[in-house]
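Comments concern the structure below.
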Amino acid sequence: MPGTRLTQGIAALAILFVAMAVATDGEIPLFIGISLLWVIAARSILFDRACRTVTGSLGVERSLDRHLILEMNTTRIATTVTLAVPPRVAVAVREILPPGIFLHQGTLDAEVTGTEVQVPLEIPLTYEIMAKVHGTLKFPGISLRIADRFFAREILLTAPGFGGTEILVQPRPDFETSRRQSEFGTREIEKSAFITGLGIRGFREYSAGDDLRQIDWKLSAKHEKLLIREYMGIMRQSPLLIIDLPDRGVPYDPRAFHRMVRGVAGSVEHSIRSNGHAAYLLISGVNILAMVSEEKHVLVALANLRDNLHPVDRSSHAYRVLNRRDLRMRIRMLRAGGPAEIPPEIEAFRRALLLRYESHLKDSSLPLFYGQVARALSLFNREEIIIFSLLEGDVSHVRAITAIADTMKARVSLRTGGQDSFRFLPRDGLLWERVEALP
Amino acid sequence: MNQGTLHLLLVLLFGGLLGAALPVSPLWYLIPPLFIAFLAVMVAGRRVGDPEFLVLCIGELLVVVSGTGLSLSILPLQCLLIGVILAELHLLAGRKDVAWFGVYTLGASASLALILGIRNVLVSGIITGVFLLCIFFGLTVREHEQQRVLAGGSS
């Protein structure tokens with residue numbers, strides 16, 4: 001057993017005295033050398049007894065949060081080591097991880113020192129591991145480092161009582177082409193569901209009753225056991241809520257705004273409860289304020305809305321700009337002309353207006369807001385859009401959103417808290433599926 | 001007994017025995033400065049680190065210079081010195097530690113009796129060495145066996 005520096009020093013001193021005794025034929029150095037060797041011998045007997053006390057009282061209990069995990073995923077492990085430690089003996093416990101498993105969080109080591117009152121001590125080790133290889137992995141056991149002032153010893157405990165806990169790591173579908181597909185108003189989620197998608201979220205061992213068509217034959221041949229594919233679950237896409245906040249500098253109806261806020265909160269909550277998440281875009285005129293692509297917690301979403309749903313100062317204004325679709329429509333109307341006999345001054349105004357519209361249409365540059373909205377809508381990729389707006393004053397930004405959504409084949413509906421909810425009906429050239437007045 | 005009190009008592013006993021050896025030792029003039037150095041290292045060394053080994057070295061020098069020849073008087077000096085070192089390390093607190101100190105005293109007494117009986121350095125050295133080697137060999141075999149069982153081998 002390896003000695004500490006003190007033991008090594010005593011041994012060196014003892015050898016020095018013995019050598020001196022042999023060289024000088026001195027009995028006193030011989031006695032001193034031998035008595036020092038007796039110190040080491042007696043302490044080593046005591047240390048051996050301490051080691052036996054520790055290992056004889058040792059118990060290891062290991063519990064895993066999950067015995068089956070996906071490759072590169074983590075799981076929490078709680079190991080409790082029970083042992084009796086003799087007085088003034090230090091014991092360091094270390095958990096040994098199987099190859100391919102790495103410590104993600106927590107610690108694998110703990111150290112205790114024995115006291116005069118020798119009672120069994122419980123050492124808890126709680127940590128998180130990450131599996132970087134797949135297969136059945138077995139925990140080998142623990143290692144102990146027992147030390148006193150004279151000796152230190154490392155003991156590897158890999159007997160079945162100290163290790164043997166198994167964890168099954170399923171392979172990741174890394175070589176699958178696509179995951180989380182999102183189409184036909186639905187999206188794929190990494191959960192099992194009655195209706196499954198096309199993406200693969202993992203593999204697991206075949207059990208009786210599984211669909212034979214889901215067996216992955218290549219992977220099964222590689223691992224020499226039947227593995228089946230687990231497909232993604234399908235969940236309905238939530239609609240995108242676009243909330244148009246009023247301008248602080250322009251008078252607005254507070255009761256209508258209150259109704260709108262209530263409607264927004266209800267829609268967000270309903271979206272999270274029924275679809276698992278909500279997506280919303282906060283705008284004020286042509287100013288984009290905030291974008292939340294996936295909020296899963298009702299309380300967080302409502303707190304966020306409570307902080308943000310207030311009238312804001314608009315830094316940019318649209319000045320009732322017409323979008324290209326409206327321009328074309330108006331040009332067509334003006335070209336069609338009116339009644340046969342119209343006063344010349346009205347005819348001159350019609351021609352001037354036509355010229356102005358045509359020159360605007362030739363200008364190919366698009367307002368910045370169009371690009372921002374187009375990018376945001378393509379990011380959300382929703383098939384249903386609900387716009388909440390008071391429709392006070394300039395509503396050209398609402399028209400712009402509608403036009404962009406239409407090019408993306410998204411259904412748009414408008415909810416307004418104002419009383420005059422039906423003033424923007426399809427006859428006005430807007431393509432909303434329905435306009436609802438909020439109660 | 002309190003560890004500090006025991007330590008002080010052992011140091012005083014060791015000093016008393018050295019004082020008794022002063023009139024008979026031919027190197028008596030070395031005893032007082034060495035004993036002062038012994039005490040100084042013991043007190044000052046605690047602030048620096050672990051002074052035990054240095055204290056042991058100076059103590060062994062004191063044991064050597066205090067004796068006129070090998071006699072039974074060297075045994076209590078040597079045992080007290082080891083006792084002082086162990087008390088310094090707080091290793092004389094439990095019943096097992098005291099029992100171990102008894103084992104050590106017995107071993108040292110047997111070695112002294114052997115050396116005094118045979119009066120030959122080489123022979124007595126070889127006999128004691130073989131005996132100690134047997135102890136170390138036995139402990140190593142036990143350790144190996146224990147490691148094998150704990151690693152999952154059959155007992």
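The chains in the structure tokens are called A, B, ... from first to last as shown; in each chain the residues are counted from 1, and the ligands are counted from 1 in the order shown.
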Please, which residues of region 174-416 of chain A, numbered as in this document, come out helix (DSSP H, G or I) from DSSP, as a PyMOL selection string?
chain A and resi 212-214+217-223+254-275+298-308+324-336+344-362+368-380+396-407
Just need the residues of chain A within 6 Å of chain B, counting only C-alpha atoms, so spit them out as a short mmCIF file (atom, residue, chain, number, x, y, z; two decimals) with N, CA and C atoms, in the first residue's frame.
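Output file part23.cif is given in full below:
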data_model
loop_
_atom_site.label_atom_id
_atom_site.label_comp_id
_atom_site.auth_asym_id
_atom_site.auth_seq_id
_atom_site.Cartn_x
_atom_site.Cartn_y
_atom_site.Cartn_z
N ILE A 28 22.68 0.76 18.72
CA ILE A 28 21.67 1.82 18.93
C ILE A 28 21.02 2.21 17.60
N SER A 35 12.90 0.02 15.19
CA SER A 35 11.69 0.54 15.87
C SER A 35 10.90 1.46 14.93
N LEU A 157 -14.21 -0.50 -6.96
CA LEU A 157 -15.31 -1.40 -6.58
C LEU A 157 -16.21 -1.61 -7.80
N THR A 158 -15.97 -2.70 -8.49
CA THR A 158 -16.74 -2.99 -9.69
C THR A 158 -17.51 -4.31 -9.57
N ALA A 159 -17.61 -4.83 -8.37
CA ALA A 159 -18.40 -6.05 -8.14
C ALA A 159 -19.88 -5.74 -8.40
#
From the set B:Leu12, B:Ile126, B:Ala20, B:Leu62, which residue has the shortest atom-to-atom contact distance to Phe38 (chain B), counting only C-alpha atoms?
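Ranked by minimum distance to Phe38 (chain B), first place goes to B:Leu62.
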Atom-to-atom span, CA of Ala318 (chain A) and CA of Leu281 (chain A), Å
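Taking CA of Ala318 (chain A) and CA of Leu281 (chain A), their separation equals 18.3 Å.
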Can you tell me which residues surround Val93 (chain A) at a distance of at most 10 Å, considering only C-alpha atoms, apart from same-chain residues fewer than 5 positions away, and format the answer as number ranges by chain?
A: 81, 108-112, 123, 125, 142-146, 154-155
Would you mind listing what lies within 12 Å of Ala14 (chain A) as a PDB file with N, CA and C atoms, in the first residue's frame, with only C-alpha atoms counted and same-chain residues fewer than 5 positions away left out?
ATOM      1  N   THR A   7       5.275   8.723   5.767  1.00  0.00           N
ATOM      2  CA  THR A   7       5.693   7.317   5.827  1.00  0.00           C
ATOM      3  C   THR A   7       6.972   7.099   5.029  1.00  0.00           C
ATOM      4  N   GLN A   8       7.022   7.727   3.859  1.00  0.00           N
ATOM      5  CA  GLN A   8       8.233   7.586   3.034  1.00  0.00           C
ATOM      6  C   GLN A   8       9.446   8.163   3.772  1.00  0.00           C
ATOM      7  N   GLY A   9       9.237   9.267   4.454  1.00  0.00           N
ATOM      8  CA  GLY A   9      10.329   9.880   5.226  1.00  0.00           C
ATOM      9  C   GLY A   9      10.781   8.972   6.366  1.00  0.00           C
ATOM     10  N   ALA A  19      21.443   1.113   7.836  1.00  0.00           N
ATOM     11  CA  ALA A  19      22.688   1.138   7.066  1.00  0.00           C
ATOM     12  C   ALA A  19      23.842   1.619   7.940  1.00  0.00           C
ATOM     13  N   MET A  20      23.528   2.629   8.768  1.00  0.00           N
ATOM     14  CA  MET A  20      24.554   3.149   9.679  1.00  0.00           C
ATOM     15  C   MET A  20      24.970   2.072  10.678  1.00  0.00           C
ATOM     16  N   ALA A  21      23.985   1.306  11.140  1.00  0.00           N
ATOM     17  CA  ALA A  21      24.271   0.234  12.104  1.00  0.00           C
ATOM     18  C   ALA A  21      25.158  -0.825  11.486  1.00  0.00           C
ATOM     19  N   PRO A  29      21.799   2.510  16.539  1.00  0.00           N
ATOM     20  CA  PRO A  29      21.145   2.825  15.254  1.00  0.00           C
ATOM     21  C   PRO A  29      20.270   1.678  14.749  1.00  0.00           C
ATOM     22  N   LEU A  30      20.709   0.451  14.993  1.00  0.00           N
ATOM     23  CA  LEU A  30      19.908  -0.702  14.543  1.00  0.00           C
ATOM     24  C   LEU A  30      18.557  -0.715  15.260  1.00  0.00           C
ATOM     25  N   PHE A  31      18.602  -0.501  16.579  1.00  0.00           N
ATOM     26  CA  PHE A  31      17.355  -0.507  17.330  1.00  0.00           C
ATOM     27  C   PHE A  31      16.429   0.620  16.852  1.00  0.00           C
ATOM     28  N   ILE A  32      17.027   1.810  16.653  1.00  0.00           N
ATOM     29  CA  ILE A  32      16.193   2.949  16.212  1.00  0.00           C
ATOM     30  C   ILE A  32      15.588   2.664  14.826  1.00  0.00           C
ATOM     31  N   GLY A  33      16.425   2.126  13.912  1.00  0.00           N
ATOM     32  CA  GLY A  33      15.927   1.806  12.561  1.00  0.00           C
ATOM     33  C   GLY A  33      14.806   0.786  12.616  1.00  0.00           C
ATOM     34  N   ILE A  34      15.028  -0.279  13.424  1.00  0.00           N
ATOM     35  CA  ILE A  34      13.994  -1.323  13.496  1.00  0.00           C
ATOM     36  C   ILE A  34      12.719  -0.785  14.161  1.00  0.00           C
ATOM     37  N   SER A  35      12.895   0.018  15.195  1.00  0.00           N
ATOM     38  CA  SER A  35      11.688   0.543  15.868  1.00  0.00           C
ATOM     39  C   SER A  35      10.901   1.461  14.929  1.00  0.00           C
ATOM     40  N   LEU A  36      11.607   2.189  14.062  1.00  0.00           N
ATOM     41  CA  LEU A  36      10.882   3.018  13.088  1.00  0.00           C
ATOM     42  C   LEU A  36      10.132   2.143  12.078  1.00  0.00           C
ATOM     43  N   LEU A  37      10.771   1.014  11.703  1.00  0.00           N
ATOM     44  CA  LEU A  37      10.067   0.092  10.797  1.00  0.00           C
ATOM     45  C   LEU A  37       8.839  -0.506  11.490  1.00  0.00           C
ATOM     46  N   TRP A  38       8.953  -0.690  12.796  1.00  0.00           N
ATOM     47  CA  TRP A  38       7.793  -1.187  13.565  1.00  0.00           C
ATOM     48  C   TRP A  38       6.640  -0.183  13.541  1.00  0.00           C
ATOM     49  N   VAL A  39       7.009   1.106  13.567  1.00  0.00           N
ATOM     50  CA  VAL A  39       5.959   2.147  13.475  1.00  0.00           C
ATOM     51  C   VAL A  39       5.167   1.946  12.186  1.00  0.00           C
ATOM     52  N   ILE A  40       5.918   1.775  11.082  1.00  0.00           N
ATOM     53  CA  ILE A  40       5.251   1.633   9.770  1.00  0.00           C
ATOM     54  C   ILE A  40       4.423   0.352   9.739  1.00  0.00           C
TER      55      ILE A  40
ATOM     56  N   LEU B  56      10.665  14.365  14.403  1.00  0.00           N
ATOM     57  CA  LEU B  56      11.133  12.974  14.559  1.00  0.00           C
ATOM     58  C   LEU B  56      12.647  12.880  14.348  1.00  0.00           C
ATOM     59  N   CYS B  57      13.144  13.556  13.327  1.00  0.00           N
ATOM     60  CA  CYS B  57      14.584  13.518  13.036  1.00  0.00           C
ATOM     61  C   CYS B  57      15.391  14.072  14.218  1.00  0.00           C
ATOM     62  N   GLU B  60      15.179  11.700  17.174  1.00  0.00           N
ATOM     63  CA  GLU B  60      16.044  10.518  17.054  1.00  0.00           C
ATOM     64  C   GLU B  60      17.499  10.887  17.372  1.00  0.00           C
ATOM     65  N   GLY B 129      14.338  -8.077  10.294  1.00  0.00           N
ATOM     66  CA  GLY B 129      13.973  -7.698   8.922  1.00  0.00           C
ATOM     67  C   GLY B 129      13.074  -8.724   8.271  1.00  0.00           C
TER      68      GLY B 129
END
Identify, on the basis of only C-alpha atoms, every residue whose closest approach to Met333 (chain A) does not exceed 12 Å; exclude the query and any residue fewer than 2 positions from it along the same chain; express the result as a list of chain:residue names.
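Once the nearby chain positions are removed, what remains is A:Asp326, A:Leu327, A:Arg328, A:Met329, A:Arg330, A:Ile331, A:Arg335, A:Ala336, A:Gly337, A:Gly338, A:Arg350, A:Arg351, A:Leu353, A:Leu354, A:Tyr357.
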Quick check for you: according to DSSP on this backbone, which residues of region 153-370 of chain A are classed as strand (DSSP E)? Reply as JSON, numbers by chain.
{"A": [153, 154, 155, 156, 157, 166, 167, 168, 169, 170, 182, 183, 186, 187, 188, 189, 196, 197, 198, 199, 200, 201, 202, 203, 204, 205, 227, 228, 229, 230, 231, 232, 233, 234, 235, 236, 240, 241, 242, 243, 244, 278, 279, 280, 281, 282, 283, 284, 287, 288, 289, 290, 291, 292, 293, 294, 295]}
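For the pair CA of Arg259 (chain A) and CA of Ile242 (chain A), the separation is 15.5 Å.
If you count only C-alpha atoms and ignore residues fewer than 3 places along the chain from Phe203 (chain A), what sits within 8 Å of it is A:Gln170, A:Pro171, A:Arg172, A:Pro173, A:Leu227, A:Ile228, A:Arg229, A:Glu230.
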